[in-house]
Amino acid sequence: MPSVEKALVIRHREIVPYYYELEFIAPSIAQEVLPGQFVNIRVSNSLDPLLRRPFSIYNVDKKLGSITVFYKVVGRGTELLSLMPIQKRLDVMGPLGRPFSIPGNINRAYLIGGGVGIAPLVYLARVLTDSDIKVKVLMGASTAGFICGRDMFDQLGVNYLISTDDGSEGLKGKVTDLFEQQLFLQDCDYIYACGPEPMLAKITRLALDNGIDGEISLEGRMACGVGACLGCSHPVLKDGNRSYAKICSDGPVFRIGEMLLHNGDVR
Amino acid sequence: MNTTDRKARKKSRITPDLRVNLGGIILNNPITVASGTFGYGMEYEPFMDIASLGAVIVKGTTLEPRAGNPPPRICETPSGMLNAIGLENPGVKAFINQHLPVLRSRKTTVIVNIAGNTVEEYAELARTLDGQSGIAGLELNISCPNVKQGGLQFGTDPVMVQELVAAVKSQTSLPVMAKLSPNVTDIVAIARAAERGGADCLSLINTLLGMAIDIENRKPFLANTFGGLSGPAIKPVALRMVYQVASEVPLPIMGMGGITDTRDVIEFLMAGATAVSIGTANFVNPLVTQEVLAGLRDYMEQNQITSVQELIGAALPQGLPKKGSAELT
């Protein structure tokens, strides 16, 4: 059940320009939160900016009761958050949203992340590994310096492949190209993907064409985070009809093929 | 009062009476939640006992289900937000079958916000909801800025407002509250029209029509082009309108618009509101209603105010018009 906690910031650092790792103590949320869920954070105590900002969960330390989020400064809200010093209290609401599911019949999963979309896949990789599911991570970034989560995957002993737009590391291209390239191996029976919408659209098409099931995690502007305001609605196909699903409470995790995605070849 | 009196009074603890009568809708306290900001109550149940609220005003309900507007539907603005949800809701039948029984089981005071395209639709909604137990009153949404038909076009025309309120009143025994739009030149004229139509109380204000532009793509940010502005940015406008209407029209008022803390609540009460609704602030702080409820109690205890009635209209130079419209019966 979600709650609001005044969380003590214990670590906050810029990993590479604009990319931050933030760890805070929020015992109730940490006990409950599952991979794919998110927290809604007030970036300042003032009424401007007004709304909370959603962040996926990068890592959880249940013993310490801490949560780590990984974020990129993209606007005023995240910029203000980036100034939050350690030892201060942060107003955190969570856990929110539908988590990734872990079907009983899967053995080998691909975790596909674009940019900061890799963040929720780190915690997921840990949980999947604990469930003896073989994990391969495909991650893409604009350049090698912006690849995140590498140290965490190393710790877990998880295999990962990299693509970069500029070719500075791994495959030169998009993470969708990397996925396409790996498909012939047929070493995957489930995928989990998170990243920009056009990427998810392409991943969805490739997965469906190859008969692979899985889940995607969407991002969206939201206000309440609990399904009350209907502000984050995203188009969905339901029984052949177009309707809307709430990213915050029906998602952010959705089944592959469930959502109508922009730039996507919709089914 | 001399200092010894004051000391003596300070020692005697009082239990403030928070009950109010909003035109026949009896509320245990004046803190309610605004339609469209609290879903059907369950969304906020992890954070509070929703029966502790004066009332829950549920999401705008129409005869048939509505999908709502395409995204983007919301946009943050300085100390506020724009929304153009477009009355997404499952329709009145689903409300009665799915949501109302749950609310009833929680013993929550429920006010149903209804919206239609025509006068007949409003009347049919009122008729459909009339026999249902667990509803304390109806709020007429005659001010939604985000739907093509109905909504705002009703709320800006005094003749239509009177006709609509009268049509609804003729179909229901429930108290009827007309929700007024701020997007008019003279809100008092609209309030009077609602009074002539037989409204039992008024709620104001709905959102202010606004917009934002996406400068990268050179187009309106919201898919609906325009949206309703809410949040602390609109509070001074809302307070002014409550004050104006309360000065002139002898109907109890549910005041709302940008309320975020106890001080705001007291300001609206003093401006003449009998009760208040918290809207956008629920998104910012899901515990806000509980905090202002405790804050109001503390304020009354500290100031030896035995009944919230003493605060209602306290800032109006002439007091509330005609007989005290907010007295408990």
# chains A, B, ... in the order shown; residues from 1 in each chain; ligands from 1
$ closest_atom_pairs --of "chain A" --to "chain B" --cutoff "9 Å" --atoms "only C-alpha atoms" --output "CSV"
residue,atom,partner,partner_atom,distance
A:Met1,CA,B:Pro46,CA,6.1
A:Pro2,CA,B:Pro46,CA,6.2
A:Ser3,CA,B:Phe47,CA,6.4
A:Val4,CA,B:Phe47,CA,8.1
A:Arg42,CA,B:Val284,CA,7.6
A:Ser46,CA,B:Ser79,CA,8.8
A:Leu47,CA,B:Ser79,CA,5.4
A:Asp48,CA,B:Ser79,CA,4.6
A:Pro49,CA,B:Ser79,CA,6.1
A:Leu50,CA,B:Ser79,CA,5.3
A:Leu51,CA,B:Val284,CA,5.5
A:Arg52,CA,B:Val284,CA,6.1
A:Met93,CA,B:Pro286,CA,8.8
A:Arg221,CA,B:Ile74,CA,7.5
A:Met222,CA,B:Ile74,CA,7.6
A:Ala223,CA,B:Phe283,CA,5.8
A:Cys224,CA,B:Phe283,CA,4.2
A:Gly225,CA,B:Phe283,CA,7.6
A:Val226,CA,B:Glu43,CA,5.9
A:Gly227,CA,B:Glu43,CA,6.4
A:Ala228,CA,B:Gly39,CA,4.2
A:Cys229,CA,B:Thr37,CA,5.3
A:Leu230,CA,B:Ile85,CA,6.6
A:Gly231,CA,B:Arg73,CA,5.5
A:Cys232,CA,B:Arg73,CA,7.1
A:Ser233,CA,B:Pro71,CA,6.6
A:His234,CA,B:Pro71,CA,6.7
A:Pro235,CA,B:Pro70,CA,7.7
A:Arg242,CA,B:Ala67,CA,8.7
A:Ser243,CA,B:Ala67,CA,6.0
A:Tyr244,CA,B:Ala67,CA,6.8
$ write_last_selection --atoms "N, CA and C atoms" --output "mmCIF file, in the first residue's frame"
data_model
loop_
_atom_site.group_PDB
_atom_site.id
_atom_site.type_symbol
_atom_site.label_atom_id
_atom_site.label_comp_id
_atom_site.auth_asym_id
_atom_site.auth_seq_id
_atom_site.Cartn_x
_atom_site.Cartn_y
_atom_site.Cartn_z
ATOM 1 N N MET A 1 0.839 -1.194 0.000
ATOM 2 C CA MET A 1 0.000 0.000 0.000
ATOM 3 C C MET A 1 0.880 1.252 0.000
ATOM 4 N N PRO A 2 0.595 2.177 -0.887
ATOM 5 C CA PRO A 2 1.471 3.361 -0.937
ATOM 6 C C PRO A 2 1.350 4.229 0.303
ATOM 7 N N SER A 3 2.423 4.945 0.589
ATOM 8 C CA SER A 3 2.430 5.890 1.702
ATOM 9 C C SER A 3 3.301 7.080 1.314
ATOM 10 N N VAL A 4 3.304 8.080 2.183
ATOM 11 C CA VAL A 4 4.166 9.237 1.973
ATOM 12 C C VAL A 4 5.224 9.223 3.061
ATOM 13 N N ARG A 42 8.395 15.023 -4.510
ATOM 14 C CA ARG A 42 8.288 16.490 -4.553
ATOM 15 C C ARG A 42 9.687 17.058 -4.647
ATOM 16 N N SER A 46 8.268 24.275 -2.284
ATOM 17 C CA SER A 46 7.450 25.396 -2.742
ATOM 18 C C SER A 46 6.321 24.885 -3.650
ATOM 19 N N LEU A 47 5.436 25.780 -4.043
ATOM 20 C CA LEU A 47 4.315 25.387 -4.890
ATOM 21 C C LEU A 47 4.621 25.610 -6.370
ATOM 22 N N ASP A 48 5.878 25.907 -6.659
ATOM 23 C CA ASP A 48 6.287 26.071 -8.050
ATOM 24 C C ASP A 48 7.695 25.541 -8.211
ATOM 25 N N PRO A 49 7.926 24.449 -8.920
ATOM 26 C CA PRO A 49 6.936 23.661 -9.639
ATOM 27 C C PRO A 49 5.974 22.944 -8.687
ATOM 28 N N LEU A 50 4.767 22.758 -9.159
ATOM 29 C CA LEU A 50 3.689 22.282 -8.300
ATOM 30 C C LEU A 50 3.654 20.761 -8.149
ATOM 31 N N LEU A 51 3.770 20.071 -9.253
ATOM 32 C CA LEU A 51 3.487 18.634 -9.253
ATOM 33 C C LEU A 51 4.714 17.797 -8.876
ATOM 34 N N ARG A 52 4.420 16.616 -8.342
ATOM 35 C CA ARG A 52 5.476 15.655 -8.065
ATOM 36 C C ARG A 52 6.038 15.133 -9.383
ATOM 37 N N MET A 93 6.433 9.631 -2.271
ATOM 38 C CA MET A 93 5.152 8.916 -2.230
ATOM 39 C C MET A 93 5.313 7.632 -3.044
ATOM 40 N N ARG A 221 3.749 12.126 -18.522
ATOM 41 C CA ARG A 221 3.504 13.216 -17.591
ATOM 42 C C ARG A 221 2.308 12.830 -16.757
ATOM 43 N N MET A 222 2.419 12.994 -15.445
ATOM 44 C CA MET A 222 1.281 12.657 -14.600
ATOM 45 C C MET A 222 1.138 13.668 -13.480
ATOM 46 N N ALA A 223 -0.054 13.690 -12.908
ATOM 47 C CA ALA A 223 -0.276 14.601 -11.783
ATOM 48 C C ALA A 223 -0.389 13.795 -10.496
ATOM 49 N N CYS A 224 -1.456 12.979 -10.348
ATOM 50 C CA CYS A 224 -1.711 12.362 -9.040
ATOM 51 C C CYS A 224 -0.862 11.122 -8.777
ATOM 52 N N GLY A 225 -0.617 10.313 -9.802
ATOM 53 C CA GLY A 225 0.153 9.081 -9.606
ATOM 54 C C GLY A 225 -0.645 7.903 -9.089
ATOM 55 N N VAL A 226 -1.943 8.117 -8.797
ATOM 56 C CA VAL A 226 -2.744 7.042 -8.208
ATOM 57 C C VAL A 226 -4.015 6.715 -8.999
ATOM 58 N N GLY A 227 -4.141 7.271 -10.202
ATOM 59 C CA GLY A 227 -5.294 6.932 -11.041
ATOM 60 C C GLY A 227 -6.511 7.799 -10.828
ATOM 61 N N ALA A 228 -6.350 8.928 -10.139
ATOM 62 C CA ALA A 228 -7.507 9.770 -9.841
ATOM 63 C C ALA A 228 -7.731 10.873 -10.873
ATOM 64 N N CYS A 229 -6.653 11.441 -11.399
ATOM 65 C CA CYS A 229 -6.815 12.653 -12.219
ATOM 66 C C CYS A 229 -7.029 12.353 -13.698
ATOM 67 N N LEU A 230 -6.679 11.160 -14.140
ATOM 68 C CA LEU A 230 -6.822 10.750 -15.538
ATOM 69 C C LEU A 230 -5.994 11.610 -16.487
ATOM 70 N N GLY A 231 -4.927 12.198 -15.955
ATOM 71 C CA GLY A 231 -4.087 13.076 -16.759
ATOM 72 C C GLY A 231 -3.079 12.336 -17.625
ATOM 73 N N CYS A 232 -2.704 11.102 -17.227
ATOM 74 C CA CYS A 232 -1.620 10.400 -17.926
ATOM 75 C C CYS A 232 -2.134 9.347 -18.896
ATOM 76 N N SER A 233 -3.405 9.449 -19.271
ATOM 77 C CA SER A 233 -4.010 8.428 -20.135
ATOM 78 C C SER A 233 -3.235 8.236 -21.434
ATOM 79 N N HIS A 234 -3.111 6.968 -21.813
ATOM 80 C CA HIS A 234 -2.378 6.604 -23.028
ATOM 81 C C HIS A 234 -3.276 5.693 -23.865
ATOM 82 N N PRO A 235 -3.300 5.907 -25.195
ATOM 83 C CA PRO A 235 -4.201 5.098 -26.028
ATOM 84 C C PRO A 235 -3.885 3.599 -25.973
ATOM 85 N N ARG A 242 -10.473 1.626 -29.567
ATOM 86 C CA ARG A 242 -9.492 2.516 -28.989
ATOM 87 C C ARG A 242 -10.052 3.076 -27.686
ATOM 88 N N SER A 243 -9.306 2.941 -26.613
ATOM 89 C CA SER A 243 -9.691 3.604 -25.368
ATOM 90 C C SER A 243 -8.406 4.069 -24.696
ATOM 91 N N TYR A 244 -8.480 4.388 -23.421
ATOM 92 C CA TYR A 244 -7.286 4.889 -22.746
ATOM 93 C C TYR A 244 -6.985 4.082 -21.492
#
$ residues_around --residues "segment 88-90 of chain A" --least-positions-apart "3" --cutoff "7 Å" --atoms "only C-alpha atoms" --output "JSON, numbers by chain"
{"A": [6, 7, 8, 9, 85]}
$ write_last_selection --atoms "N, CA, C and O atoms" --output "compact mmCIF listing (two decimals), in the first residue's frame"
# COMPACT_ATOMS: atom_id res chain seq x y z
N LYS A 6 8.91 11.04 4.63
CA LYS A 6 9.90 12.12 4.60
C LYS A 6 11.26 11.43 4.62
O LYS A 6 11.77 11.07 5.69
N ALA A 7 11.79 11.23 3.44
CA ALA A 7 12.95 10.35 3.27
C ALA A 7 14.27 11.12 3.41
O ALA A 7 14.44 12.17 2.79
N LEU A 8 15.16 10.55 4.21
CA LEU A 8 16.47 11.17 4.41
C LEU A 8 17.39 10.84 3.23
O LEU A 8 17.60 9.68 2.91
N VAL A 9 17.92 11.87 2.59
CA VAL A 9 18.83 11.66 1.46
C VAL A 9 20.20 11.26 1.99
O VAL A 9 20.79 11.97 2.80
N PRO A 85 20.65 18.53 -1.30
CA PRO A 85 21.84 18.05 -0.61
C PRO A 85 21.56 16.80 0.23
O PRO A 85 20.40 16.55 0.59
$ residues_around --residues "segment 28-31 of chain A" --least-positions-apart "2" --cutoff "10 Å" --atoms "only C-alpha atoms" --output "PDB file with N, CA, C and O atoms, in the first residue's frame"
ATOM      1  N   MET A   1       0.839  -1.194   0.000  1.00  0.00           N
ATOM      2  CA  MET A   1       0.000   0.000   0.000  1.00  0.00           C
ATOM      3  C   MET A   1       0.880   1.252   0.000  1.00  0.00           C
ATOM      4  O   MET A   1       1.820   1.331   0.785  1.00  0.00           O
ATOM      5  N   PRO A   2       0.595   2.177  -0.887  1.00  0.00           N
ATOM      6  CA  PRO A   2       1.471   3.361  -0.937  1.00  0.00           C
ATOM      7  C   PRO A   2       1.350   4.229   0.303  1.00  0.00           C
ATOM      8  O   PRO A   2       0.323   4.250   0.967  1.00  0.00           O
ATOM      9  N   SER A   3       2.423   4.945   0.589  1.00  0.00           N
ATOM     10  CA  SER A   3       2.430   5.890   1.702  1.00  0.00           C
ATOM     11  C   SER A   3       3.301   7.080   1.314  1.00  0.00           C
ATOM     12  O   SER A   3       3.928   7.080   0.267  1.00  0.00           O
ATOM     13  N   VAL A   4       3.304   8.080   2.183  1.00  0.00           N
ATOM     14  CA  VAL A   4       4.166   9.237   1.973  1.00  0.00           C
ATOM     15  C   VAL A   4       5.224   9.223   3.061  1.00  0.00           C
ATOM     16  O   VAL A   4       4.898   9.087   4.241  1.00  0.00           O
ATOM     17  N   GLU A   5       6.476   9.314   2.672  1.00  0.00           N
ATOM     18  CA  GLU A   5       7.553   9.316   3.660  1.00  0.00           C
ATOM     19  C   GLU A   5       8.440  10.532   3.488  1.00  0.00           C
ATOM     20  O   GLU A   5       8.666  10.995   2.376  1.00  0.00           O
ATOM     21  N   ALA A   7      11.791  11.228   3.436  1.00  0.00           N
ATOM     22  CA  ALA A   7      12.953  10.355   3.273  1.00  0.00           C
ATOM     23  C   ALA A   7      14.267  11.121   3.407  1.00  0.00           C
ATOM     24  O   ALA A   7      14.438  12.175   2.793  1.00  0.00           O
ATOM     25  N   PHE A  24      17.856   7.398  -0.860  1.00  0.00           N
ATOM     26  CA  PHE A  24      17.227   7.957   0.338  1.00  0.00           C
ATOM     27  C   PHE A  24      16.613   6.842   1.171  1.00  0.00           C
ATOM     28  O   PHE A  24      16.356   5.747   0.677  1.00  0.00           O
ATOM     29  N   ILE A  25      16.421   7.149   2.461  1.00  0.00           N
ATOM     30  CA  ILE A  25      15.854   6.173   3.391  1.00  0.00           C
ATOM     31  C   ILE A  25      14.336   6.331   3.430  1.00  0.00           C
ATOM     32  O   ILE A  25      13.817   7.376   3.826  1.00  0.00           O
ATOM     33  N   ALA A  26      13.632   5.296   2.992  1.00  0.00           N
ATOM     34  CA  ALA A  26      12.171   5.295   3.015  1.00  0.00           C
ATOM     35  C   ALA A  26      11.722   3.867   3.305  1.00  0.00           C
ATOM     36  O   ALA A  26      11.343   3.116   2.407  1.00  0.00           O
ATOM     37  N   VAL A  33       8.254  -2.153  -2.374  1.00  0.00           N
ATOM     38  CA  VAL A  33       8.364  -1.819  -3.797  1.00  0.00           C
ATOM     39  C   VAL A  33       8.883  -2.983  -4.645  1.00  0.00           C
ATOM     40  O   VAL A  33       9.779  -3.721  -4.247  1.00  0.00           O
ATOM     41  N   LEU A  34       8.253  -3.162  -5.800  1.00  0.00           N
ATOM     42  CA  LEU A  34       8.621  -4.229  -6.726  1.00  0.00           C
ATOM     43  C   LEU A  34       9.199  -3.608  -7.997  1.00  0.00           C
ATOM     44  O   LEU A  34       8.895  -2.452  -8.320  1.00  0.00           O
ATOM     45  N   PHE A  38       7.056   2.730  -9.262  1.00  0.00           N
ATOM     46  CA  PHE A  38       7.744   4.017  -9.216  1.00  0.00           C
ATOM     47  C   PHE A  38       7.384   4.779  -7.948  1.00  0.00           C
ATOM     48  O   PHE A  38       6.495   4.376  -7.194  1.00  0.00           O
ATOM     49  N   VAL A  39       8.141   5.849  -7.714  1.00  0.00           N
ATOM     50  CA  VAL A  39       7.828   6.756  -6.603  1.00  0.00           C
ATOM     51  C   VAL A  39       7.574   8.145  -7.181  1.00  0.00           C
ATOM     52  O   VAL A  39       8.097   8.492  -8.233  1.00  0.00           O
ATOM     53  N   ILE A  57      12.409   2.803 -10.001  1.00  0.00           N
ATOM     54  CA  ILE A  57      13.303   2.328  -8.939  1.00  0.00           C
ATOM     55  C   ILE A  57      14.532   1.668  -9.559  1.00  0.00           C
ATOM     56  O   ILE A  57      14.421   0.709 -10.310  1.00  0.00           O
ATOM     57  N   ASN A  59      17.381   0.764  -7.564  1.00  0.00           N
ATOM     58  CA  ASN A  59      17.837  -0.276  -6.650  1.00  0.00           C
ATOM     59  C   ASN A  59      17.161  -0.105  -5.291  1.00  0.00           C
ATOM     60  O   ASN A  59      16.696   0.980  -4.953  1.00  0.00           O
ATOM     61  N   VAL A  60      17.104  -1.209  -4.558  1.00  0.00           N
ATOM     62  CA  VAL A  60      16.492  -1.190  -3.237  1.00  0.00           C
ATOM     63  C   VAL A  60      17.409  -1.924  -2.266  1.00  0.00           C
ATOM     64  O   VAL A  60      17.950  -2.982  -2.601  1.00  0.00           O
ATOM     65  N   ASP A  61      17.584  -1.353  -1.099  1.00  0.00           N
ATOM     66  CA  ASP A  61      18.299  -2.046  -0.031  1.00  0.00           C
ATOM     67  C   ASP A  61      17.296  -2.225   1.107  1.00  0.00           C
ATOM     68  O   ASP A  61      17.060  -1.311   1.893  1.00  0.00           O
ATOM     69  N   LYS A  62      16.702  -3.423   1.152  1.00  0.00           N
ATOM     70  CA  LYS A  62      15.631  -3.633   2.122  1.00  0.00           C
ATOM     71  C   LYS A  62      16.154  -3.608   3.559  1.00  0.00           C
ATOM     72  O   LYS A  62      15.446  -3.189   4.472  1.00  0.00           O
ATOM     73  N   LYS A  63      17.400  -4.055   3.744  1.00  0.00           N
ATOM     74  CA  LYS A  63      17.985  -4.059   5.087  1.00  0.00           C
ATOM     75  C   LYS A  63      18.122  -2.634   5.620  1.00  0.00           C
ATOM     76  O   LYS A  63      17.762  -2.313   6.739  1.00  0.00           O
ATOM     77  N   LEU A  64      18.659  -1.774   4.763  1.00  0.00           N
ATOM     78  CA  LEU A  64      18.878  -0.379   5.127  1.00  0.00           C
ATOM     79  C   LEU A  64      17.579   0.430   5.025  1.00  0.00           C
ATOM     80  O   LEU A  64      17.443   1.503   5.612  1.00  0.00           O
ATOM     81  N   GLY A  65      16.619  -0.113   4.278  1.00  0.00           N
ATOM     82  CA  GLY A  65      15.362   0.613   4.038  1.00  0.00           C
ATOM     83  C   GLY A  65      15.542   1.749   3.052  1.00  0.00           C
ATOM     84  O   GLY A  65      14.839   2.751   3.117  1.00  0.00           O
ATOM     85  N   SER A  66      16.487   1.567   2.145  1.00  0.00           N
ATOM     86  CA  SER A  66      16.755   2.664   1.205  1.00  0.00           C
ATOM     87  C   SER A  66      16.343   2.322  -0.220  1.00  0.00           C
ATOM     88  O   SER A  66      16.233   1.155  -0.598  1.00  0.00           O
ATOM     89  N   ILE A  67      16.103   3.369  -0.976  1.00  0.00           N
ATOM     90  CA  ILE A  67      15.751   3.265  -2.387  1.00  0.00           C
ATOM     91  C   ILE A  67      16.707   4.152  -3.169  1.00  0.00           C
ATOM     92  O   ILE A  67      17.046   5.252  -2.727  1.00  0.00           O
ATOM     93  N   THR A  68      17.150   3.647  -4.321  1.00  0.00           N
ATOM     94  CA  THR A  68      17.981   4.473  -5.199  1.00  0.00           C
ATOM     95  C   THR A  68      17.230   4.717  -6.505  1.00  0.00           C
ATOM     96  O   THR A  68      16.660   3.783  -7.074  1.00  0.00           O
ATOM     97  N   VAL A  92       8.542  11.740  -0.405  1.00  0.00           N
ATOM     98  CA  VAL A  92       8.434  10.656  -1.383  1.00  0.00           C
ATOM     99  C   VAL A  92       7.125   9.884  -1.182  1.00  0.00           C
ATOM    100  O   VAL A  92       6.773   9.525  -0.064  1.00  0.00           O
ATOM    101  N   MET A  93       6.433   9.631  -2.271  1.00  0.00           N
ATOM    102  CA  MET A  93       5.152   8.916  -2.230  1.00  0.00           C
ATOM    103  C   MET A  93       5.313   7.632  -3.044  1.00  0.00           C
ATOM    104  O   MET A  93       5.801   7.663  -4.174  1.00  0.00           O
ATOM    105  N   GLY A  94       4.913   6.501  -2.462  1.00  0.00           N
ATOM    106  CA  GLY A  94       5.052   5.255  -3.204  1.00  0.00           C
ATOM    107  C   GLY A  94       4.853   4.050  -2.302  1.00  0.00           C
ATOM    108  O   GLY A  94       4.560   4.217  -1.119  1.00  0.00           O
ATOM    109  N   PRO A  95       5.027   2.837  -2.798  1.00  0.00           N
ATOM    110  CA  PRO A  95       5.269   2.544  -4.212  1.00  0.00           C
ATOM    111  C   PRO A  95       3.995   2.677  -5.028  1.00  0.00           C
ATOM    112  O   PRO A  95       2.905   2.377  -4.532  1.00  0.00           O
ATOM    113  N   LEU A  96       4.131   3.097  -6.275  1.00  0.00           N
ATOM    114  CA  LEU A  96       2.980   3.319  -7.132  1.00  0.00           C
ATOM    115  C   LEU A  96       3.087   2.472  -8.406  1.00  0.00           C
ATOM    116  O   LEU A  96       4.186   2.118  -8.834  1.00  0.00           O
TER     117      LEU A  96
END
$ select_by_dssp --residues "segment 77-209 of chain A" --states "strand (DSSP E or B)" --output "ChimeraX atom specification"
/A:89-96,98,108-114,134-141,159-164,171-172,190-194
$ write_last_selection --atoms "C-alpha atoms" --output "tab-separated table (two decimals), in the first residue's frame"
chain	number	residue	atom	x	y	z
A	89	ARG	CA	14.46	15.20	3.83
A	90	LEU	CA	12.69	14.45	0.61
A	91	ASP	CA	8.90	14.03	0.31
A	92	VAL	CA	8.43	10.66	-1.38
A	93	MET	CA	5.15	8.92	-2.23
A	94	GLY	CA	5.05	5.25	-3.20
A	95	PRO	CA	5.27	2.54	-4.21
A	96	LEU	CA	2.98	3.32	-7.13
A	98	ARG	CA	1.77	-1.98	-11.66
A	108	ARG	CA	15.65	-16.70	-20.41
A	109	ALA	CA	14.74	-13.01	-20.49
A	110	TYR	CA	16.07	-10.06	-22.42
A	111	LEU	CA	16.08	-6.74	-20.60
A	112	ILE	CA	16.13	-3.94	-23.17
A	113	GLY	CA	16.72	-0.37	-22.09
A	114	GLY	CA	17.16	2.86	-24.00
A	134	LYS	CA	18.85	-16.19	-17.11
A	135	VAL	CA	19.12	-12.54	-17.97
A	136	LYS	CA	20.72	-10.77	-20.91
A	137	VAL	CA	20.69	-6.99	-20.93
A	138	LEU	CA	20.66	-4.95	-24.13
A	139	MET	CA	21.27	-1.31	-23.47
A	140	GLY	CA	21.54	1.69	-25.72
A	141	ALA	CA	22.72	5.25	-25.21
A	159	ASN	CA	25.60	-10.40	-19.41
A	160	TYR	CA	25.09	-7.16	-21.21
A	161	LEU	CA	25.50	-5.82	-24.73
A	162	ILE	CA	25.77	-2.18	-25.64
A	163	SER	CA	24.78	0.00	-28.56
A	164	THR	CA	25.66	3.66	-28.98
A	171	LEU	CA	27.18	-1.68	-31.85
A	172	LYS	CA	26.84	1.63	-33.68
A	190	TYR	CA	10.42	-13.17	-22.60
A	191	ILE	CA	11.40	-9.52	-22.87
A	192	TYR	CA	11.19	-6.52	-20.60
A	193	ALA	CA	11.73	-3.13	-22.23
A	194	CYS	CA	11.87	0.46	-21.06
$ select_by_dssp --residues "segment 252-294 of chain B" --states "helix (DSSP H, G or I)" --output "CSV table (one decimal) with N, CA and C atoms, in the first residue's frame"
chain,number,residue,atom,x,y,z
B,262,THR,N,-4.3,25.2,5.5
B,262,THR,CA,-5.3,25.7,6.4
B,262,THR,C,-5.7,27.1,6.3
B,263,ARG,N,-4.6,27.9,6.1
B,263,ARG,CA,-4.9,29.4,5.9
B,263,ARG,C,-5.9,29.6,4.7
B,264,ASP,N,-5.6,28.9,3.6
B,264,ASP,CA,-6.5,29.1,2.5
B,264,ASP,C,-7.9,28.7,2.8
B,265,VAL,N,-8.1,27.6,3.6
B,265,VAL,CA,-9.4,27.1,4.0
B,265,VAL,C,-10.1,28.2,4.7
B,266,ILE,N,-9.4,28.8,5.7
B,266,ILE,CA,-10.0,29.8,6.6
B,266,ILE,C,-10.4,31.1,5.7
B,267,GLU,N,-9.5,31.4,4.8
B,267,GLU,CA,-9.8,32.6,3.9
B,267,GLU,C,-11.1,32.4,3.2
B,268,PHE,N,-11.3,31.2,2.6
B,268,PHE,CA,-12.5,30.9,1.8
B,268,PHE,C,-13.7,30.9,2.7
B,269,LEU,N,-13.6,30.4,3.9
B,269,LEU,CA,-14.7,30.4,4.9
B,269,LEU,C,-15.1,31.9,5.2
B,270,MET,N,-14.1,32.6,5.5
B,270,MET,CA,-14.3,34.1,5.9
B,270,MET,C,-14.9,34.8,4.7
B,281,ALA,N,-4.5,20.3,-5.1
B,281,ALA,CA,-3.5,20.0,-3.9
B,281,ALA,C,-3.5,18.6,-3.5
B,282,ASN,N,-4.6,17.8,-3.8
B,282,ASN,CA,-4.5,16.4,-3.5
B,282,ASN,C,-3.4,15.7,-4.3
B,283,PHE,N,-3.1,16.2,-5.5
B,283,PHE,CA,-2.1,15.6,-6.3
B,283,PHE,C,-0.7,15.8,-5.7
B,284,VAL,N,-0.6,17.0,-5.2
B,284,VAL,CA,0.7,17.5,-4.7
B,284,VAL,C,1.0,16.8,-3.3
B,288,VAL,N,-3.2,16.2,2.2
B,288,VAL,CA,-3.6,17.6,2.5
B,288,VAL,C,-4.9,17.8,3.2
B,289,THR,N,-5.9,17.0,2.8
B,289,THR,CA,-7.3,17.1,3.4
B,289,THR,C,-7.2,16.9,4.9
B,290,GLN,N,-6.4,15.8,5.3
B,290,GLN,CA,-6.3,15.5,6.7
B,290,GLN,C,-5.5,16.6,7.5
B,291,GLU,N,-4.5,17.2,6.8
B,291,GLU,CA,-3.7,18.2,7.4
B,291,GLU,C,-4.5,19.5,7.6
B,292,VAL,N,-5.4,19.9,6.6
B,292,VAL,CA,-6.1,21.1,6.8
B,292,VAL,C,-7.3,20.9,7.8
B,293,LEU,N,-7.8,19.6,7.9
B,293,LEU,CA,-8.8,19.4,8.8
B,293,LEU,C,-8.3,19.5,10.2
B,294,ALA,N,-7.1,19.0,10.5
B,294,ALA,CA,-6.5,19.1,11.8
B,294,ALA,C,-6.1,20.6,12.0
$ residues_around --residues "Ala189 of chain B" --least-positions-apart "3" --cutoff "10 Å" --atoms "only C-alpha atoms" --output "ChimeraX atom specification"
/B:156-158,184-186,192-195,245,248-249
$ residues_around --residues "Leu237 of chain A" --least-positions-apart "5" --cutoff "12 Å" --atoms "only C-alpha atoms" --output "JSON, numbers by chain"
{"A": [242, 243, 244, 245, 254, 255, 256, 257, 258, 259, 260, 261, 266, 267]}
$ atom_distance --atom1 "atom CA of Arg104 of chain B" --atom2 "atom CA of Thr61 of chain B"
17.1 Å
